[in-house]
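Visitor: Contents of input_7.pdb (PDB, C-alpha atoms, pLDDT in the B column) are below:
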```
ATOM      1  CA  MET H  29     -27.099-100.385 168.092  1.00 68.00           C
ATOM      2  CA  THR H  30     -23.742 -98.597 168.202  1.00 76.00           C
ATOM      3  CA  GLY H  31     -21.053-100.199 170.290  1.00 83.00           C
ATOM      4  CA  PRO H  32     -17.424 -99.513 171.159  1.00 89.00           C
ATOM      5  CA  ARG H  33     -14.960 -97.800 168.874  1.00 95.00           C
ATOM      6  CA  PHE H  34     -13.408-100.306 166.518  1.00 97.00           C
ATOM      7  CA  ASP H  35      -9.789-101.256 167.148  1.00 97.00           C
ATOM      8  CA  PRO H  36      -8.113-103.480 164.517  1.00 97.00           C
ATOM      9  CA  ALA H  37      -6.027-105.020 167.323  1.00 96.00           C
ATOM     10  CA  SER H  38      -9.228-106.502 168.754  1.00 97.00           C
ATOM     11  CA  LEU H  39      -9.549-108.880 165.788  1.00 98.00           C
ATOM     12  CA  ALA H  40      -8.590-112.546 166.068  1.00 98.00           C
ATOM     13  CA  PHE H  41      -5.549-112.767 163.790  1.00 98.00           C
ATOM     14  CA  ASN H  42      -4.017-116.137 162.974  1.00 96.00           C
ATOM     15  CA  ASP H  43      -0.497-117.133 164.005  1.00 95.00           C
ATOM     16  CA  GLN H  44       0.860-115.175 161.034  1.00 96.00           C
ATOM     17  CA  GLY H  45      -0.948-112.059 162.223  1.00 97.00           C
ATOM     18  CA  LEU H  46      -3.479-112.248 159.387  1.00 98.00           C
ATOM     19  CA  ILE H  47      -7.250-112.282 159.033  1.00 98.00           C
ATOM     20  CA  ALA H  48      -9.263-113.488 156.031  1.00 98.00           C
ATOM     21  CA  ALA H  49     -11.173-110.790 154.144  1.00 98.00           C
ATOM     22  CA  ILE H  50     -13.970-111.520 151.668  1.00 98.00           C
ATOM     23  CA  ALA H  51     -14.725-108.839 149.075  1.00 98.00           C
ATOM     24  CA  GLN H  52     -18.333-108.590 147.928  1.00 98.00           C
ATOM     25  CA  GLN H  53     -19.655-106.201 145.263  1.00 98.00           C
ATOM     26  CA  GLN H  54     -22.222-103.756 146.615  1.00 98.00           C
ATOM     27  CA  GLY H  55     -25.626-104.141 145.049  1.00 97.00           C
ATOM     28  CA  SER H  56     -25.097-107.306 143.025  1.00 97.00           C
ATOM     29  CA  GLY H  57     -23.820-109.214 146.058  1.00 98.00           C
ATOM     30  CA  GLU H  58     -21.271-111.023 143.905  1.00 98.00           C
ATOM     31  CA  VAL H  59     -18.418-112.523 145.921  1.00 98.00           C
ATOM     32  CA  LEU H  60     -15.307-111.283 144.142  1.00 98.00           C
ATOM     33  CA  MET H  61     -12.315-112.701 146.023  1.00 98.00           C
ATOM     34  CA  MET H  62     -10.864-113.674 149.364  1.00 98.00           C
ATOM     35  CA  ALA H  63      -7.495-112.394 150.536  1.00 98.00           C
ATOM     36  CA  TRP H  64      -5.692-111.575 153.782  1.00 98.00           C
ATOM     37  CA  MET H  65      -5.066-108.494 155.893  1.00 98.00           C
ATOM     38  CA  ASN H  66      -2.867-107.711 158.840  1.00 98.00           C
ATOM     39  CA  ALA H  67      -3.843-105.089 161.427  1.00 98.00           C
ATOM     40  CA  ALA H  68      -2.081-102.319 159.517  1.00 98.00           C
ATOM     41  CA  ALA H  69      -3.883-103.223 156.281  1.00 98.00           C
ATOM     42  CA  VAL H  70      -7.218-103.131 158.121  1.00 98.00           C
ATOM     43  CA  ALA H  71      -6.381 -99.692 159.520  1.00 98.00           C
ATOM     44  CA  GLU H  72      -5.188 -98.376 156.150  1.00 98.00           C
ATOM     45  CA  THR H  73      -8.298 -99.670 154.389  1.00 98.00           C
ATOM     46  CA  LEU H  74     -10.559 -97.917 156.879  1.00 98.00           C
ATOM     47  CA  ALA H  75      -8.518 -94.714 156.805  1.00 97.00           C
ATOM     48  CA  THR H  76      -8.265 -94.416 153.022  1.00 97.00           C
ATOM     49  CA  GLY H  77     -11.467 -96.109 151.841  1.00 98.00           C
ATOM     50  CA  ARG H  78      -9.396 -98.095 149.356  1.00 98.00           C
ATOM     51  CA  VAL H  79      -8.908-101.764 150.048  1.00 98.00           C
ATOM     52  CA  THR H  80      -5.376-102.795 151.015  1.00 98.00           C
ATOM     53  CA  TYR H  81      -4.525-106.445 151.624  1.00 98.00           C
ATOM     54  CA  TRP H  82      -1.347-108.127 152.839  1.00 98.00           C
ATOM     55  CA  SER H  83       0.317-110.217 150.164  1.00 96.00           C
ATOM     56  CA  ARG H  84       1.476-113.483 151.703  1.00 94.00           C
ATOM     57  CA  SER H  85       3.589-114.375 148.658  1.00 93.00           C
ATOM     58  CA  ARG H  86       5.327-111.006 148.455  1.00 94.00           C
ATOM     59  CA  GLN H  87       5.184-110.247 152.205  1.00 96.00           C
ATOM     60  CA  GLN H  88       4.153-106.662 151.582  1.00 96.00           C
ATOM     61  CA  PHE H  89       1.084-104.465 151.388  1.00 97.00           C
ATOM     62  CA  TRP H  90      -1.077-105.151 148.384  1.00 96.00           C
ATOM     63  CA  ARG H  91      -2.956-101.994 147.520  1.00 96.00           C
ATOM     64  CA  LYS H  92      -5.598-103.495 145.277  1.00 95.00           C
ATOM     65  CA  GLY H  93      -5.478-101.877 141.852  1.00 93.00           C
ATOM     66  CA  GLU H  94      -2.162-100.095 142.384  1.00 92.00           C
ATOM     67  CA  THR H  95      -0.641-101.752 139.343  1.00 89.00           C
ATOM     68  CA  SER H  96      -3.762-103.023 137.537  1.00 90.00           C
ATOM     69  CA  GLY H  97      -6.008-100.011 138.091  1.00 93.00           C
ATOM     70  CA  HIS H  98      -8.683-102.406 139.322  1.00 94.00           C
ATOM     71  CA  HIS H  99      -9.319-100.705 142.642  1.00 95.00           C
ATOM     72  CA  GLN H 100     -11.729-101.672 145.352  1.00 98.00           C
ATOM     73  CA  ARG H 101     -13.443 -98.782 147.066  1.00 98.00           C
ATOM     74  CA  LEU H 102     -14.606 -99.747 150.533  1.00 98.00           C
ATOM     75  CA  VAL H 103     -18.296 -99.204 151.131  1.00 98.00           C
ATOM     76  CA  GLU H 104     -18.458-100.984 154.482  1.00 98.00           C
ATOM     77  CA  MET H 105     -16.332-103.344 156.568  1.00 98.00           C
ATOM     78  CA  ARG H 106     -18.069-106.013 158.643  1.00 98.00           C
ATOM     79  CA  VAL H 107     -16.656-108.356 161.284  1.00 98.00           C
ATOM     80  CA  ASP H 108     -17.945-111.853 161.947  1.00 98.00           C
ATOM     81  CA  CYS H 109     -19.054-113.318 165.283  1.00 98.00           C
ATOM     82  CA  ASP H 110     -15.667-114.934 165.973  1.00 96.00           C
ATOM     83  CA  ARG H 111     -13.823-111.794 164.875  1.00 98.00           C
ATOM     84  CA  ASP H 112     -11.612-113.953 162.644  1.00 98.00           C
ATOM     85  CA  CYS H 113     -13.072-113.011 159.280  1.00 98.00           C
ATOM     86  CA  LEU H 114     -13.947-109.714 157.567  1.00 98.00           C
ATOM     87  CA  LEU H 115     -16.567-109.020 154.938  1.00 98.00           C
ATOM     88  CA  LEU H 116     -15.741-106.030 152.750  1.00 98.00           C
ATOM     89  CA  ILE H 117     -18.625-104.508 150.833  1.00 98.00           C
ATOM     90  CA  VAL H 118     -16.877-102.847 147.906  1.00 98.00           C
ATOM     91  CA  GLU H 119     -17.264-101.024 144.656  1.00 98.00           C
ATOM     92  CA  GLN H 120     -14.963-102.942 142.327  1.00 97.00           C
ATOM     93  CA  THR H 121     -13.472-101.220 139.296  1.00 96.00           C
ATOM     94  CA  GLY H 122     -13.063-103.731 136.467  1.00 95.00           C
ATOM     95  CA  PRO H 123     -12.191-107.361 137.141  1.00 97.00           C
ATOM     96  CA  ALA H 124     -11.191-108.391 140.673  1.00 97.00           C
ATOM     97  CA  CYS H 125      -9.251-111.470 139.564  1.00 97.00           C
ATOM     98  CA  HIS H 126      -5.697-111.422 138.204  1.00 94.00           C
ATOM     99  CA  THR H 127      -7.007-113.612 135.343  1.00 96.00           C
ATOM    100  CA  ASN H 128      -9.080-110.591 134.241  1.00 96.00           C
ATOM    101  CA  ARG H 129     -12.317-112.187 135.353  1.00 97.00           C
ATOM    102  CA  ARG H 130     -14.808-110.252 137.398  1.00 97.00           C
ATOM    103  CA  SER H 131     -14.545-112.758 140.292  1.00 98.00           C
ATOM    104  CA  CYS H 132     -11.904-115.271 141.335  1.00 98.00           C
ATOM    105  CA  PHE H 133     -14.647-117.886 141.776  1.00 98.00           C
ATOM    106  CA  TYR H 134     -15.099-118.701 138.096  1.00 98.00           C
ATOM    107  CA  THR H 135     -14.792-122.474 138.379  1.00 98.00           C
ATOM    108  CA  ALA H 136     -17.884-124.419 139.454  1.00 98.00           C
ATOM    109  CA  ILE H 137     -18.055-128.112 140.265  1.00 98.00           C
ATOM    110  CA  ARG H 138     -20.928-129.457 138.178  1.00 97.00           C
ATOM    111  CA  ASP H 139     -21.674-133.171 137.846  1.00 94.00           C
ATOM    112  CA  GLY H 140     -18.254-133.821 139.348  1.00 95.00           C
ATOM    113  CA  ALA H 141     -16.362-131.822 136.712  1.00 97.00           C
ATOM    114  CA  GLU H 142     -14.650-128.441 136.843  1.00 97.00           C
ATOM    115  CA  THR H 143     -16.688-126.045 134.753  1.00 97.00           C
ATOM    116  CA  GLU H 144     -15.651-122.531 133.800  1.00 97.00           C
ATOM    117  CA  ILE H 145     -18.631-120.248 134.354  1.00 97.00           C
ATOM    118  CA  MET H 146     -17.088-116.844 133.676  1.00 96.00           C
ATOM    119  CA  ALA H 147     -14.867-115.594 130.846  1.00 96.00           C
ATOM    120  CA  PRO H 148     -12.039-113.066 131.158  1.00 96.00           C
ATOM    121  CA  GLU H 149     -13.128-109.516 130.405  1.00 92.00           C
ATOM    122  CA  GLU H 150     -11.840-107.784 127.311  1.00 83.00           C
ATOM    123  CA  ASP H 151      -9.307-105.072 127.984  1.00 68.00           C
ATOM    124  CA  ALA H 152     -10.809-101.646 127.462  1.00 52.00           C
TER
ATOM    125  CA  MET K  24     -16.481-125.028 129.279  1.00 68.00           C
ATOM    126  CA  THR K  25     -16.259-128.356 131.104  1.00 76.00           C
ATOM    127  CA  GLY K  26     -12.838-129.350 132.337  1.00 83.00           C
ATOM    128  CA  PRO K  27     -11.319-132.251 134.268  1.00 90.00           C
ATOM    129  CA  ARG K  28     -13.108-134.256 136.917  1.00 95.00           C
ATOM    130  CA  PHE K  29     -12.836-132.510 140.255  1.00 97.00           C
ATOM    131  CA  ASP K  30     -10.548-134.092 142.833  1.00 97.00           C
ATOM    132  CA  PRO K  31     -10.599-132.548 146.339  1.00 97.00           C
ATOM    133  CA  ALA K  32      -6.909-133.481 146.676  1.00 96.00           C
ATOM    134  CA  SER K  33      -6.138-130.951 143.922  1.00 97.00           C
ATOM    135  CA  LEU K  34      -7.062-128.043 146.209  1.00 98.00           C
ATOM    136  CA  ALA K  35      -4.400-125.924 147.902  1.00 98.00           C
ATOM    137  CA  PHE K  36      -4.876-126.791 151.561  1.00 98.00           C
ATOM    138  CA  ASN K  37      -2.994-124.882 154.233  1.00 96.00           C
ATOM    139  CA  ASP K  38      -0.417-126.467 156.525  1.00 95.00           C
ATOM    140  CA  GLN K  39      -3.236-127.774 158.693  1.00 96.00           C
ATOM    141  CA  GLY K  40      -4.805-129.487 155.678  1.00 97.00           C
ATOM    142  CA  LEU K  41      -7.681-126.991 155.571  1.00 98.00           C
ATOM    143  CA  ILE K  42      -9.264-124.680 153.008  1.00 98.00           C
ATOM    144  CA  ALA K  43     -11.481-121.672 153.719  1.00 98.00           C
ATOM    145  CA  ALA K  44     -15.107-121.998 152.594  1.00 98.00           C
ATOM    146  CA  ILE K  45     -17.488-119.066 152.243  1.00 98.00           C
ATOM    147  CA  ALA K  46     -21.219-119.829 152.407  1.00 98.00           C
ATOM    148  CA  GLN K  47     -23.485-117.581 150.350  1.00 98.00           C
ATOM    149  CA  GLN K  48     -27.284-117.793 150.212  1.00 98.00           C
ATOM    150  CA  GLN K  49     -28.615-118.586 146.763  1.00 98.00           C
ATOM    151  CA  GLY K  50     -30.741-115.828 145.303  1.00 97.00           C
ATOM    152  CA  SER K  51     -30.219-113.123 147.914  1.00 97.00           C
ATOM    153  CA  GLY K  52     -26.427-113.357 147.632  1.00 98.00           C
ATOM    154  CA  GLU K  53     -26.075-112.796 151.357  1.00 98.00           C
ATOM    155  CA  VAL K  54     -22.717-113.943 152.727  1.00 98.00           C
ATOM    156  CA  LEU K  55     -23.650-116.115 155.694  1.00 98.00           C
ATOM    157  CA  MET K  56     -20.381-117.357 157.206  1.00 98.00           C
ATOM    158  CA  MET K  57     -16.850-118.512 156.589  1.00 98.00           C
ATOM    159  CA  ALA K  58     -15.537-121.786 157.970  1.00 98.00           C
ATOM    160  CA  TRP K  59     -12.985-124.450 157.097  1.00 98.00           C
ATOM    161  CA  MET K  60     -12.985-127.805 155.323  1.00 98.00           C
ATOM    162  CA  ASN K  61     -10.487-130.600 154.922  1.00 98.00           C
ATOM    163  CA  ALA K  62     -10.438-132.830 151.833  1.00 98.00           C
ATOM    164  CA  ALA K  63     -12.819-135.326 153.421  1.00 98.00           C
ATOM    165  CA  ALA K  64     -15.310-132.584 154.320  1.00 98.00           C
ATOM    166  CA  VAL K  65     -15.196-131.306 150.732  1.00 98.00           C
ATOM    167  CA  ALA K  66     -15.851-134.820 149.432  1.00 98.00           C
ATOM    168  CA  GLU K  67     -18.666-135.450 151.913  1.00 98.00           C
ATOM    169  CA  THR K  68     -20.308-132.120 151.079  1.00 98.00           C
ATOM    170  CA  LEU K  69     -20.295-132.925 147.368  1.00 98.00           C
ATOM    171  CA  ALA K  70     -21.479-136.491 147.916  1.00 97.00           C
ATOM    172  CA  THR K  71     -24.346-135.679 150.278  1.00 97.00           C
ATOM    173  CA  GLY K  72     -25.361-132.186 149.159  1.00 98.00           C
ATOM    174  CA  ARG K  73     -25.319-131.101 152.798  1.00 98.00           C
ATOM    175  CA  VAL K  74     -22.507-128.830 153.892  1.00 98.00           C
ATOM    176  CA  THR K  75     -19.957-130.393 156.231  1.00 98.00           C
ATOM    177  CA  TYR K  76     -17.104-128.325 157.647  1.00 98.00           C
ATOM    178  CA  TRP K  77     -14.125-129.273 159.782  1.00 98.00           C
ATOM    179  CA  SER K  78     -14.297-127.814 163.257  1.00 96.00           C
ATOM    180  CA  ARG K  79     -10.870-126.496 164.216  1.00 94.00           C
ATOM    181  CA  SER K  80     -11.846-126.090 167.875  1.00 93.00           C
ATOM    182  CA  ARG K  81     -13.337-129.571 168.231  1.00 94.00           C
ATOM    183  CA  GLN K  82     -11.077-131.238 165.627  1.00 96.00           C
ATOM    184  CA  GLN K  83     -13.969-133.152 164.128  1.00 96.00           C
ATOM    185  CA  PHE K  84     -16.454-132.972 161.299  1.00 97.00           C
ATOM    186  CA  TRP K  85     -19.035-130.275 161.734  1.00 96.00           C
ATOM    187  CA  ARG K  86     -22.148-131.293 159.860  1.00 96.00           C
ATOM    188  CA  LYS K  87     -23.859-127.937 159.725  1.00 95.00           C
ATOM    189  CA  GLY K  88     -27.280-128.146 161.380  1.00 93.00           C
ATOM    190  CA  GLU K  89     -26.758-131.586 162.923  1.00 92.00           C
ATOM    191  CA  THR K  90     -27.505-130.249 166.399  1.00 89.00           C
ATOM    192  CA  SER K  91     -29.195-126.915 165.572  1.00 90.00           C
ATOM    193  CA  GLY K  92     -31.324-128.070 162.641  1.00 93.00           C
ATOM    194  CA  HIS K  93     -29.977-125.105 160.685  1.00 94.00           C
ATOM    195  CA  HIS K  94     -28.740-127.057 157.699  1.00 95.00           C
ATOM    196  CA  GLN K  95     -27.037-125.781 154.602  1.00 98.00           C
ATOM    197  CA  ARG K  96     -28.045-127.532 151.408  1.00 98.00           C
ATOM    198  CA  LEU K  97     -25.342-127.226 148.775  1.00 98.00           C
ATOM    199  CA  VAL K  98     -26.527-125.686 145.519  1.00 98.00           C
ATOM    200  CA  GLU K  99     -23.082-125.308 143.956  1.00 98.00           C
ATOM    201  CA  MET K 100     -19.439-125.411 145.008  1.00 98.00           C
ATOM    202  CA  ARG K 101     -16.987-123.039 143.325  1.00 98.00           C
ATOM    203  CA  VAL K 102     -13.184-122.913 143.514  1.00 98.00           C
ATOM    204  CA  ASP K 103     -11.122-119.749 143.263  1.00 98.00           C
ATOM    205  CA  CYS K 104      -8.233-119.050 140.905  1.00 98.00           C
ATOM    206  CA  ASP K 105      -5.604-119.990 143.503  1.00 96.00           C
ATOM    207  CA  ARG K 106      -7.560-123.113 144.521  1.00 98.00           C
ATOM    208  CA  ASP K 107      -7.172-122.042 148.165  1.00 98.00           C
ATOM    209  CA  CYS K 108     -10.728-120.855 148.803  1.00 98.00           C
ATOM    210  CA  LEU K 109     -14.183-122.304 148.159  1.00 98.00           C
ATOM    211  CA  LEU K 110     -17.451-120.475 147.593  1.00 98.00           C
ATOM    212  CA  LEU K 111     -20.484-122.517 148.581  1.00 98.00           C
ATOM    213  CA  ILE K 112     -23.796-121.416 147.119  1.00 98.00           C
ATOM    214  CA  VAL K 113     -26.294-122.756 149.654  1.00 98.00           C
ATOM    215  CA  GLU K 114     -29.877-122.881 150.721  1.00 98.00           C
ATOM    216  CA  GLN K 115     -29.662-122.022 154.424  1.00 97.00           C
ATOM    217  CA  THR K 116     -32.364-123.232 156.784  1.00 96.00           C
ATOM    218  CA  GLY K 117     -32.862-120.688 159.578  1.00 95.00           C
ATOM    219  CA  PRO K 118     -29.967-118.661 160.946  1.00 97.00           C
ATOM    220  CA  ALA K 119     -26.423-119.573 159.894  1.00 97.00           C
ATOM    221  CA  CYS K 120     -24.781-118.024 162.970  1.00 97.00           C
ATOM    222  CA  HIS K 121     -24.551-119.670 166.378  1.00 94.00           C
ATOM    223  CA  THR K 122     -25.864-116.367 167.815  1.00 96.00           C
ATOM    224  CA  ASN K 123     -29.148-117.108 165.990  1.00 96.00           C
ATOM    225  CA  ARG K 124     -28.555-114.394 163.440  1.00 97.00           C
ATOM    226  CA  ARG K 125     -29.027-115.054 159.761  1.00 97.00           C
ATOM    227  CA  SER K 126     -25.380-114.223 159.020  1.00 98.00           C
ATOM    228  CA  CYS K 127     -22.217-114.184 161.131  1.00 98.00           C
ATOM    229  CA  PHE K 128     -21.353-110.752 159.671  1.00 98.00           C
ATOM    230  CA  TYR K 129     -23.753-108.732 161.798  1.00 98.00           C
ATOM    231  CA  THR K 130     -21.248-106.148 163.044  1.00 98.00           C
ATOM    232  CA  ALA K 131     -20.439-103.240 160.735  1.00 98.00           C
ATOM    233  CA  ILE K 132     -17.779-100.619 161.280  1.00 98.00           C
ATOM    234  CA  ARG K 133     -19.544 -97.294 160.840  1.00 97.00           C
ATOM    235  CA  ASP K 134     -17.925 -93.968 161.661  1.00 94.00           C
ATOM    236  CA  GLY K 135     -15.229 -95.920 163.486  1.00 95.00           C
ATOM    237  CA  ALA K 136     -17.652 -97.681 165.831  1.00 97.00           C
ATOM    238  CA  GLU K 137     -18.899-101.261 165.959  1.00 97.00           C
ATOM    239  CA  THR K 138     -22.543-101.228 164.939  1.00 97.00           C
ATOM    240  CA  GLU K 139     -24.923-104.177 165.173  1.00 97.00           C
ATOM    241  CA  ILE K 140     -26.873-104.347 161.917  1.00 97.00           C
ATOM    242  CA  MET K 141     -28.798-107.604 162.407  1.00 96.00           C
ATOM    243  CA  ALA K 142     -30.806-108.930 165.344  1.00 96.00           C
ATOM    244  CA  PRO K 143     -31.041-112.563 166.444  1.00 96.00           C
ATOM    245  CA  GLU K 144     -34.028-114.379 164.981  1.00 92.00           C
ATOM    246  CA  GLU K 145     -36.846-115.436 167.262  1.00 83.00           C
ATOM    247  CA  ASP K 146     -37.042-119.167 167.872  1.00 68.00           C
ATOM    248  CA  ALA K 147     -39.960-120.680 166.006  1.00 52.00           C
TER
END
```
Now that the file is in, can you turn its structure into structure tokens?

Guide:
Amino acid sequence: MTGPRFDPASLAFNDQGLIAAIAQQQGSGEVLMMAWMNAAAVAETLATGRVTYWSRSRQQFWRKGETSGHHQRLVEMRVDCDRDCLLLIVEQTGPACHTNRRSCFYTAIRDGAETEIMAPEEDA
Amino acid sequence: MTGPRFDPASLAFNDQGLIAAIAQQQGSGEVLMMAWMNAAAVAETLATGRVTYWSRSRQQFWRKGETSGHHQRLVEMRVDCDRDCLLLIVEQTGPACHTNRRSCFYTAIRDGAETEIMAPEEDA
């Protein structure tokens, strides 16, 4: 069912003007990372097909892969029921995490202990 | 590699004392929802194996499924590199979304329009 045209301004941004965005690899379904977008980053991501976040630490656009080469190509953007979270289905080039791991979620809690379940990738 | 014992207080909570938690169905990899936890909700979830969030609107624990019966059994909790986001691998009973859909992310942006990609489940 196709509804209204999508307007980034219709999202429920927090008091810093940001919305959480989860990146998930197409096909494998692996959850790669969670970061933040403002309305302009949402619009740029949709317009370019390359995922752009808003860096809270640097207070600037964070065009994923611009320095690392580890781009995220947007396959599809989805909005949740409360309109305060985005799910980005992506095609990730190389590792998503700044630690050079495929996913940022490489630490599992097992038997009460932090357990590393994913090693950094070798540089090509 | 097994590391230190996990202490919920070691997480990077926001200024409201909360951390984002993404629920993902074991096996299928479907991303079901994103909600928030405080340190006590994290501890309760690990202790009971049933996912408990913190409801920001009601300012109380939200024991997923307590009223709806749509529980989330925790399979594994993972922490991201920044320690400011959790990934919960779960076994979801019934729909995760309050709209009776399996996932909260049932609206896709396709060709610039909001498109419903998932119907509510029939009540059993």

Visitor: With 12 Å as the threshold, what does the neighbourhood of (-20.6, -132.0, 150.0) contain in terms of residues, counting only C-alpha atoms? Coordinates are those of the file; answer as a PyMOL selection string.

Guide: (chain H and resi 137+140) or (chain K and resi 31+44+60-76+85-87+95-101+109+111-113)

Visitor: Expressed in Å to a single decimal, how great is the separation between CA of Ser126 in chain K and CA of Gly50 in chain K?

Guide: 14.8 Å

Visitor: Using all atoms listed in the file and a distance of at most 6 Å, pull out the residues of chain K that contact chain H, as a PyMOL selection string.

Guide: chain K and resi 24-29+52+100-104+127-128+130-132+135-139

Visitor: One decimal, in Å: what's the spacing between CA of Gln87 in chain H and CA of Gln39 in chain K?

Guide: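 Those two atoms sit 20.5 Å apart.
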
Visitor: Please indicate the distance in Å from CA of Ile47 in chain H to CA of Ile42 in chain K, rounded to one decimal place.

Guide: 13.9 Å

Visitor: The PyMOL selection byres ((chain H and resi 96-99) around 7) - which residues does that actually catch in the file I just gave you? List them as a PyMOL selection string.

Guide: chain H and resi 92-95+100-101+120-124

Visitor: Once you add 6 Å to each side, what are the centre and edge lengths of the axis-aligned box holding all listed atoms of range 43-60 of chain K? One decimal in Å, as AutoDock Vina command-line options, if you can.

Guide:
```
--center_x -21.1 --center_y -120.3 --center_z 151.6 --size_x 31.3 --size_y 27.0 --size_z 24.7
```
